[in-house]
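Source file: entry.txt. Holds: compact mmCIF, C-alpha atoms and all ligand atoms.
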```txt
# COMPACT_ATOMS: atom_id res chain seq x y z
CA MET Y 263 69.83 -64.99 32.39
CA ARG Y 264 66.16 -65.11 31.42
CA VAL Y 265 64.75 -65.37 27.88
CA GLY Y 266 61.42 -64.08 26.52
CA ILE Y 267 59.65 -64.32 23.18
CA GLY Y 268 57.22 -61.88 21.60
CA TYR Y 269 55.04 -61.94 18.49
CA ASP Y 270 52.72 -59.36 16.98
CA VAL Y 271 50.78 -58.84 13.79
CA HIS Y 272 48.74 -55.87 12.56
CA PRO Y 273 46.76 -55.44 9.33
CA LEU Y 274 47.94 -53.16 6.54
CA VAL Y 275 45.20 -50.60 5.90
CA ARG Y 276 44.72 -47.36 4.03
CA GLY Y 277 44.58 -44.05 5.89
CA ARG Y 278 47.08 -44.99 8.60
CA LYS Y 279 50.79 -44.24 8.98
CA LEU Y 280 53.33 -47.04 8.79
CA ILE Y 281 55.42 -46.73 11.94
CA LEU Y 282 58.01 -49.37 12.79
CA GLY Y 283 60.59 -49.00 15.51
CA GLY Y 284 59.31 -45.47 16.08
CA VAL Y 285 60.18 -44.51 12.50
CA HIS Y 286 57.54 -43.20 10.09
CA ILE Y 287 58.14 -45.06 6.82
CA PRO Y 288 56.56 -43.43 3.75
CA HIS Y 289 54.21 -46.06 2.25
CA PRO Y 290 50.70 -46.08 0.68
CA MET Y 291 49.46 -48.38 3.47
CA GLY Y 292 49.81 -48.14 7.23
CA LEU Y 293 49.22 -50.43 10.19
CA GLY Y 294 45.75 -50.64 11.73
CA GLY Y 295 45.48 -50.66 15.52
CA HIS Y 296 44.53 -48.75 18.66
CA SER Y 297 47.99 -47.31 19.40
CA ASP Y 298 50.38 -46.37 16.62
CA ALA Y 299 50.35 -50.14 15.86
CA ASP Y 300 54.15 -50.35 15.95
CA LEU Y 301 54.33 -54.14 15.95
CA LEU Y 302 58.13 -54.20 16.10
CA LEU Y 303 58.03 -52.42 19.44
CA HIS Y 304 55.03 -54.47 20.61
CA SER Y 305 56.80 -57.77 19.94
CA MET Y 306 59.99 -56.52 21.62
CA GLY Y 307 57.96 -55.29 24.59
CA ASP Y 308 56.24 -58.66 24.94
CA ALA Y 309 59.59 -60.45 24.75
CA LEU Y 310 60.91 -58.27 27.60
CA LEU Y 311 57.76 -58.74 29.66
CA GLY Y 312 57.81 -62.49 29.05
CA ALA Y 313 61.44 -62.73 30.15
CA ALA Y 314 60.49 -60.99 33.40
CA GLY Y 315 57.43 -63.22 33.90
CA LYS Y 316 55.10 -60.24 33.66
CA LYS Y 317 51.70 -59.88 31.97
CA ASP Y 318 51.71 -59.15 28.25
CA ILE Y 319 51.55 -55.75 26.59
CA GLY Y 320 47.82 -56.07 25.84
CA SER Y 321 47.09 -56.55 29.55
CA LEU Y 322 49.30 -53.65 30.64
CA PHE Y 323 48.07 -51.25 27.97
CA PRO Y 324 44.54 -52.41 26.97
CA ASP Y 325 43.44 -51.57 23.43
CA ASN Y 326 40.02 -50.43 24.70
CA ASP Y 327 41.56 -47.78 26.97
CA PRO Y 328 41.21 -44.30 25.37
CA LYS Y 329 44.49 -43.34 27.12
CA TYR Y 330 46.42 -45.43 24.64
CA GLU Y 331 44.62 -44.35 21.47
CA GLY Y 332 47.22 -43.30 18.92
CA ILE Y 333 49.98 -43.39 21.55
CA SER Y 334 53.58 -43.78 20.40
CA SER Y 335 54.70 -47.30 21.25
CA LEU Y 336 58.09 -45.82 22.21
CA ILE Y 337 56.28 -44.48 25.30
CA LEU Y 338 54.94 -47.99 26.05
CA LEU Y 339 58.44 -49.43 25.58
CA THR Y 340 59.85 -46.84 28.00
CA ARG Y 341 57.22 -47.89 30.56
CA ILE Y 342 58.22 -51.53 30.10
CA PHE Y 343 61.86 -50.55 30.69
CA GLN Y 344 60.80 -48.79 33.92
CA LEU Y 345 58.82 -51.84 35.08
CA LEU Y 346 61.79 -54.16 34.48
CA LYS Y 347 64.17 -51.76 36.22
CA LYS Y 348 61.85 -51.51 39.23
CA ASN Y 349 61.87 -55.32 39.41
CA GLY Y 350 65.66 -55.48 39.39
CA TYR Y 351 66.22 -56.56 35.78
CA ARG Y 352 68.78 -55.32 33.29
CA ILE Y 353 68.25 -55.81 29.55
CA ASN Y 354 70.97 -57.88 27.92
CA ASN Y 355 69.86 -57.97 24.28
CA LEU Y 356 66.93 -57.99 21.88
CA ASP Y 357 66.56 -59.54 18.46
CA ALA Y 358 63.64 -59.23 16.05
CA THR Y 359 62.61 -60.46 12.63
CA LEU Y 360 59.98 -58.53 10.71
CA VAL Y 361 58.01 -60.37 8.03
CA ALA Y 362 56.85 -57.91 5.39
CA GLU Y 363 56.49 -58.22 1.63
CA GLU Y 364 57.11 -54.47 1.41
CA PRO Y 365 58.42 -51.85 2.00
CA LYS Y 366 62.18 -52.36 2.26
CA ILE Y 367 63.06 -51.99 5.93
CA SER Y 368 66.86 -51.82 5.77
CA PRO Y 369 67.17 -48.03 5.13
CA TYR Y 370 65.38 -47.42 8.44
CA VAL Y 371 66.98 -50.03 10.69
CA HIS Y 372 69.68 -47.72 12.07
CA LYS Y 373 67.13 -45.10 13.16
CA MET Y 374 64.88 -47.81 14.65
CA LYS Y 375 67.78 -49.10 16.74
CA GLU Y 376 68.55 -45.58 17.96
CA ASN Y 377 64.91 -45.09 19.03
CA ILE Y 378 64.77 -48.43 20.84
CA ALA Y 379 68.18 -47.91 22.48
CA ARG Y 380 67.00 -44.55 23.83
CA ALA Y 381 63.74 -46.00 25.22
CA LEU Y 382 65.47 -48.96 26.86
CA ARG Y 383 68.72 -47.21 27.92
CA ILE Y 384 70.92 -49.76 26.13
CA GLN Y 385 73.54 -49.56 23.38
CA THR Y 386 72.40 -50.05 19.78
CA ASP Y 387 74.74 -53.06 19.41
CA ARG Y 388 72.49 -54.96 21.84
CA ILE Y 389 69.60 -54.70 19.36
CA GLY Y 390 69.08 -56.84 16.27
CA ILE Y 391 66.47 -55.97 13.64
CA LYS Y 392 66.14 -58.11 10.54
CA ALA Y 393 63.49 -58.38 7.86
CA THR Y 394 62.34 -61.06 5.49
CA THR Y 395 59.40 -61.62 3.17
CA SER Y 396 56.83 -64.39 3.14
CA GLU Y 397 57.74 -65.23 -0.49
CA LYS Y 398 54.31 -63.91 -1.64
CA MET Y 399 52.54 -66.69 0.33
CA GLY Y 400 49.69 -66.31 2.78
CA PHE Y 401 48.28 -63.14 4.34
CA LEU Y 402 51.77 -61.71 4.89
CA GLY Y 403 52.82 -62.48 1.34
CA LYS Y 404 49.60 -60.95 -0.03
CA LYS Y 405 50.50 -57.68 1.80
CA LYS Y 406 47.47 -57.89 4.09
CA ALA Y 407 49.59 -57.57 7.23
CA ILE Y 408 53.07 -57.27 8.71
CA CYS Y 409 54.22 -59.42 11.61
CA CYS Y 410 57.24 -59.55 13.85
CA TRP Y 411 58.95 -62.08 16.10
CA ALA Y 412 61.23 -60.93 18.88
CA VAL Y 413 63.45 -62.49 21.52
CA ALA Y 414 64.88 -60.77 24.56
CA THR Y 415 67.34 -61.75 27.24
CA ILE Y 416 67.44 -59.99 30.59
CA GLN Y 417 69.32 -60.59 33.81
CA THR Y 418 68.90 -59.64 37.43
CA VAL Y 419 71.10 -56.71 38.36
CA SER Y 420 72.61 -58.76 41.19
CA GLY Y 421 73.39 -61.56 38.69
CA GLU Y 422 71.26 -64.09 40.58
MG MG G 1 50.23 -54.88 18.72
```
Reformat the file's structure so that it appears as structure tokens.
Amino acid sequence: MRVGIGYDVHPLVRGRKLILGGVHIPHPMGLGGHSDADLLLHSMGDALLGAAGKKDIGSLFPDNDPKYEGISSLILLTRIFQLLKKNGYRINNLDATLVAEEPKISPYVHKMKENIARALRIQTDRIGIKATTSEKMGFLGKKKAICCWAVATIQTVSGE
């Protein structure tokens, strides 16, 4: 069994969609970034890559490459799944904690899990998504950004 950790943060800005876990959440602010800025998927992707000892998501999909402008991070997550599979790894589980003052995430968690499960070819019960606030403190608490922590465990297909 191998463990990886991922972290990501993106600013909340006007004129962008808020997409988390591949779900468009209606909100006056969205996440700024080169791709769709889906920091839940970015942190999960980095956790998976870290567990496999691979380079991070920013190295694999550079944010100055026009190819990735506005791209759905579900596509990036699918590519990470393919890279792990090619290297003989199977995904055991993922767990993430979003830190956001708003909006309420819980109504969308089920759909997020379905999207992630489809991209990674795993069951939804292997995915944890939780959310908390920053108790109005700091840049997260002042609604300037949303961040996410994620942990992943993977294992070699042969069990070695
Ligand atoms: Mg990111």
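For ligand MG 1 (chain G), the protein and nucleic acid residues at most 8 Å away, judged by only C-alpha atoms and all ligand atoms, amount to Y:Asp270, Y:Val271, Y:His272, Y:Gly295, Y:Ser297, Y:Ala299, Y:Asp300, Y:Leu301, Y:His304, Y:Ser305, Y:Gly320.
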Next item on the list: Find the spatial neighbours of stretch 363-365 of chain Y, counting all atoms listed in the file, within a cut-off of 10 Å - ignore same-chain residues fewer than 3 positions away - and output them as an MDAnalysis selection string.
Entry: chainID Y and resid 280 287:291 360 368 393:399 401:408
Notebook entry, point to check: Quick one, how far is atom CA of Y:Gln344 from atom CA of Y:Gly266?
Noted result: 17.0 Å
Margin query: I'd like to know which of Y:Asp308, Y:Asp298, Y:Asp327, Y:Asp387 is closest to Y:Phe343, using all atoms listed in the file.
Written below: Y:Asp308
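Closest approach to Y:Lys373 among Y:Val419, Y:Leu339, Y:Val285, Y:Val265: Y:Val285, based on only C-alpha atoms.
Atom CA of Y:Ala379 sits 10.3 Å away from atom CA of Y:Leu336.
Going from atom CA of Y:Ile281 to atom CA of Y:Gly400 covers 22.4 Å.
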